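K.L.:
A single structure is presented below for examination.
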Amino acid sequence: MANAGTRNRPLSPHLQIWRWGPHMFVSIMHRVTGNGLALAGLGVLLWWLGALASGPAAYETFAWAMTTPLGYIVLVGISWAFFTHMMSGLRHFVLDIGAGYELKANKTWSILTQVLGVLLTAAFWALLLLR
Amino acid sequence: MGNGTSIGRVRGLGSAKSGTHHWLLQRFTAIGNLLLVLWLAVSIQLLPDLSYPTVSEWLATPVPAVAMALLVVSTFWHARLGMQVMIEDYVHEHANKFACIAALNLAAFAGAAFGVFCVIRLALGATA
């Protein structure tokens, strides 16, 4: 009776049941930054490439939009999302090989992925704007 | 789905029904993204400026053009896999889920095709 067993199966408890820890925040941020990059990041990438392929006038429009305050917020947001997603993605690789599940190590690296994501974003923009 | 061994009883369940191949592709494209987006980040830092002549000339040379085309394919592929997981988790009604994933596939292929085409157009000198 394959189907009888699949209906009314117990669901795993949702977020609010568990005591909060940094790993839960990292998991949520990984999804948020990943989907943010997919929508906004790839959108801006296509706009950039499309403007380059269309010629100087289109590139001018793109450059204008990206250097408005809103444009900078979008670009900084995309770069932060990338570096954060990259760090939590690297954490996934470590977890994939079965390492990093000890409570203390897991907590430390969860926090570090978020901190390093912000630091790399700051370093990227500092290098770009101060060169 | 069988009802013999314990693995047989759980195979095909879960919101995605199957997933080893998907999981592996997500990792392979993640490695591609890691290399290629870091290449892009370093390139942006190393370019003398980000003006139209500088960037378009740079992107028209063979290695940056190929790397950028690969970046577009790898990131769109990875994004398509990742958004599929989000849809499978949050869209429960079967027909809606199917429609969302169909739309996602169209958008991912269209976006990647547009990006690669732009790079090829630049690289082959259509705007030079």
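Ligands are numbered from 1 in the order shown, chains are lettered A, B, ... in the order of the structure tokens, and residues start at 1 in each chain.
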Counting only C-alpha atoms, which residues of chain B fall within 7 Å of chain A, and what is the closest atom pair for each with its distance in Å at one decimal, ordered by chain and rising number, as CSV?
P.N.:
```
residue,atom,partner,partner_atom,distance
B:Asn3,CA,A:Ala2,CA,6.9
B:Gln45,CA,A:Leu128,CA,5.9
B:Tyr52,CA,A:Pro56,CA,6.1
B:Ser56,CA,A:Leu52,CA,6.2
B:Ala79,CA,A:Ala38,CA,5.3
B:Met83,CA,A:Asn35,CA,6.5
B:Gly115,CA,A:Leu46,CA,5.8
B:Cys118,CA,A:Ala53,CA,5.2
B:Val119,CA,A:Leu49,CA,6.9
B:Arg121,CA,A:Ala53,CA,6.3
B:Leu122,CA,A:Ala53,CA,5.5
B:Thr127,CA,A:Gly55,CA,6.3
```
K.L.:
What does the file look like for those residues with C-alpha atoms, as a compact mmCIF listing (two decimals), in the first residue's frame?
P.N.:
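Generated file (result31.txt):
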```txt
# COMPACT_ATOMS: atom_id res chain seq x y z
CA ASN B 3 7.88 -1.37 0.22
CA GLN B 45 39.41 45.79 -10.29
CA TYR B 52 32.59 51.93 -22.83
CA SER B 56 34.09 46.69 -24.83
CA ALA B 79 20.30 30.03 -10.83
CA MET B 83 15.17 28.70 -8.14
CA GLY B 115 24.00 37.04 -22.57
CA CYS B 118 25.85 39.84 -26.59
CA VAL B 119 29.33 38.52 -25.85
CA ARG B 121 28.43 40.14 -30.97
CA LEU B 122 31.07 42.15 -29.10
CA THR B 127 30.06 47.37 -32.70
```
K.L.:
Using DSSP on the backbone, list every residue of chain B that comes out as alpha helix (DSSP H), and give them as a PyMOL selection string.
P.N.:
chain B and resi 6-10+20-46+52-60+62-90+94-123
K.L.:
With C-alpha atoms retained, could you export that selection as a compact mmCIF listing (two decimals), in the first residue's frame?
P.N.:
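File again-v2.txt, as written:
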```
# COMPACT_ATOMS: atom_id res chain seq x y z
CA SER B 6 14.12 1.19 3.92
CA ILE B 7 15.71 3.07 0.99
CA GLY B 8 13.02 1.63 -1.29
CA ARG B 9 10.28 3.00 0.93
CA VAL B 10 11.56 6.59 0.80
CA THR B 20 20.97 13.30 -6.88
CA HIS B 21 21.68 14.51 -10.40
CA HIS B 22 20.27 17.95 -9.56
CA TRP B 23 22.39 18.10 -6.41
CA LEU B 24 25.58 17.24 -8.30
CA LEU B 25 24.89 19.76 -11.07
CA GLN B 26 24.28 22.42 -8.43
CA ARG B 27 27.80 21.72 -7.09
CA PHE B 28 29.47 21.57 -10.50
CA THR B 29 27.94 24.88 -11.57
CA ALA B 30 28.79 26.35 -8.14
CA ILE B 31 32.47 25.58 -8.77
CA GLY B 32 32.16 27.21 -12.19
CA ASN B 33 30.52 30.27 -10.65
CA LEU B 34 33.19 30.50 -7.95
CA LEU B 35 36.00 30.61 -10.51
CA LEU B 36 34.25 32.75 -13.13
CA VAL B 37 32.63 35.40 -10.90
CA LEU B 38 35.88 35.82 -8.96
CA TRP B 39 37.59 36.24 -12.34
CA LEU B 40 35.02 38.95 -13.18
CA ALA B 41 35.50 40.67 -9.80
CA VAL B 42 39.29 40.71 -10.23
CA SER B 43 38.96 41.89 -13.84
CA ILE B 44 36.73 44.80 -12.80
CA GLN B 45 39.41 45.79 -10.29
CA LEU B 46 42.25 45.48 -12.82
CA TYR B 52 32.59 51.93 -22.83
CA PRO B 53 35.79 51.81 -24.95
CA THR B 54 37.82 50.12 -22.21
CA VAL B 55 35.25 47.48 -21.30
CA SER B 56 34.09 46.69 -24.83
CA GLU B 57 37.67 46.34 -26.12
CA TRP B 58 38.56 44.12 -23.19
CA LEU B 59 35.48 41.91 -23.60
CA ALA B 60 36.14 41.56 -27.34
CA PRO B 62 39.31 35.97 -26.88
CA VAL B 63 39.95 34.88 -23.28
CA PRO B 64 37.65 37.41 -21.56
CA ALA B 65 34.96 36.74 -24.20
CA VAL B 66 35.06 32.98 -23.61
CA ALA B 67 35.20 33.41 -19.83
CA MET B 68 32.21 35.76 -19.91
CA ALA B 69 30.20 33.40 -22.13
CA LEU B 70 30.99 30.55 -19.73
CA LEU B 71 30.09 32.79 -16.77
CA VAL B 72 26.68 33.48 -18.30
CA VAL B 73 26.00 29.77 -18.91
CA SER B 74 27.25 28.67 -15.49
CA THR B 75 25.43 31.34 -13.47
CA PHE B 76 22.13 30.92 -15.36
CA TRP B 77 22.32 27.15 -15.01
CA HIS B 78 23.06 27.44 -11.28
CA ALA B 79 20.30 30.03 -10.83
CA ARG B 80 17.84 27.83 -12.68
CA LEU B 81 18.65 24.88 -10.39
CA GLY B 82 18.45 27.02 -7.26
CA MET B 83 15.17 28.70 -8.14
CA GLN B 84 13.71 25.29 -8.98
CA VAL B 85 14.35 24.23 -5.38
CA MET B 86 12.66 27.37 -4.08
CA ILE B 87 9.62 26.73 -6.30
CA GLU B 88 9.43 23.08 -5.22
CA ASP B 89 9.51 24.15 -1.57
CA TYR B 90 6.94 26.95 -1.74
CA HIS B 94 1.00 20.52 -8.75
CA ALA B 95 -0.22 22.50 -11.78
CA ASN B 96 1.12 25.80 -10.40
CA LYS B 97 4.47 24.16 -9.66
CA PHE B 98 4.63 22.83 -13.21
CA ALA B 99 3.77 26.27 -14.63
CA CYS B 100 6.40 28.00 -12.46
CA ILE B 101 9.13 25.58 -13.48
CA ALA B 102 8.15 25.85 -17.14
CA ALA B 103 8.38 29.66 -16.89
CA LEU B 104 11.69 29.36 -15.05
CA ASN B 105 13.12 27.18 -17.82
CA LEU B 106 12.05 29.66 -20.49
CA ALA B 107 13.50 32.62 -18.57
CA ALA B 108 16.78 30.84 -17.82
CA PHE B 109 17.36 29.73 -21.40
CA ALA B 110 16.31 33.11 -22.81
CA GLY B 111 18.56 35.01 -20.38
CA ALA B 112 21.57 32.80 -21.02
CA ALA B 113 21.04 32.96 -24.79
CA PHE B 114 20.83 36.76 -24.69
CA GLY B 115 24.00 37.04 -22.57
CA VAL B 116 26.02 34.70 -24.77
CA PHE B 117 24.77 36.41 -27.93
CA CYS B 118 25.85 39.84 -26.59
CA VAL B 119 29.33 38.52 -25.85
CA ILE B 120 29.65 36.94 -29.31
CA ARG B 121 28.43 40.14 -30.97
CA LEU B 122 31.07 42.15 -29.10
CA ALA B 123 33.81 39.59 -29.69
```
K.L.:
Find the spatial neighbours of Gly100 in chain A, counting only C-alpha atoms, within a cut-off of 9 Å - ignore same-chain residues fewer than 5 positions away - and output them as a PDB file with N, CA and C atoms, in the first residue's frame.
P.N.:
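Everything below was put into result_19.pdb:
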```pdb
ATOM      1  N   ARG A  91      30.837  27.041   2.658  1.00  0.00           N
ATOM      2  CA  ARG A  91      30.484  26.291   3.864  1.00  0.00           C
ATOM      3  C   ARG A  91      29.711  25.018   3.495  1.00  0.00           C
ATOM      4  N   VAL A  94      32.037  22.291   2.547  1.00  0.00           N
ATOM      5  CA  VAL A  94      32.650  21.660   3.729  1.00  0.00           C
ATOM      6  C   VAL A  94      31.652  20.693   4.371  1.00  0.00           C
ATOM      7  N   LEU A  95      30.400  21.147   4.521  1.00  0.00           N
ATOM      8  CA  LEU A  95      29.378  20.278   5.120  1.00  0.00           C
ATOM      9  C   LEU A  95      29.125  19.051   4.238  1.00  0.00           C
ATOM     10  N   ALA A 105      32.149  24.343  16.146  1.00  0.00           N
ATOM     11  CA  ALA A 105      32.702  24.672  14.823  1.00  0.00           C
ATOM     12  C   ALA A 105      31.595  25.160  13.900  1.00  0.00           C
ATOM     13  N   ASN A 106      30.455  24.509  13.961  1.00  0.00           N
ATOM     14  CA  ASN A 106      29.336  24.881  13.098  1.00  0.00           C
ATOM     15  C   ASN A 106      28.887  26.305  13.373  1.00  0.00           C
ATOM     16  N   TRP A 109      31.687  28.909  12.205  1.00  0.00           N
ATOM     17  CA  TRP A 109      31.763  29.120  10.760  1.00  0.00           C
ATOM     18  C   TRP A 109      30.490  29.726  10.196  1.00  0.00           C
TER      19      TRP A 109
END
```
K.L.:
Please indicate the distance in Å from CA of Val74 in chain A to CA of Thr33 in chain A, rounded to one decimal place.
P.N.:
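Distance between the two atoms: 12.8 Å.
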K.L.:
Report, in Å to a single decimal, how far apart CA of Met87 in chain A and CA of Leu120 in chain A are.
P.N.:
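Spanning CA of Leu120 in chain A to CA of Met87 in chain A is a straight-line distance of 9.7 Å.
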K.L.:
So how far away is CA of Ile73 in chain A from CA of Ala123 in chain A, in Å?
P.N.:
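CA of Ala123 in chain A sits 16.0 Å away from CA of Ile73 in chain A.
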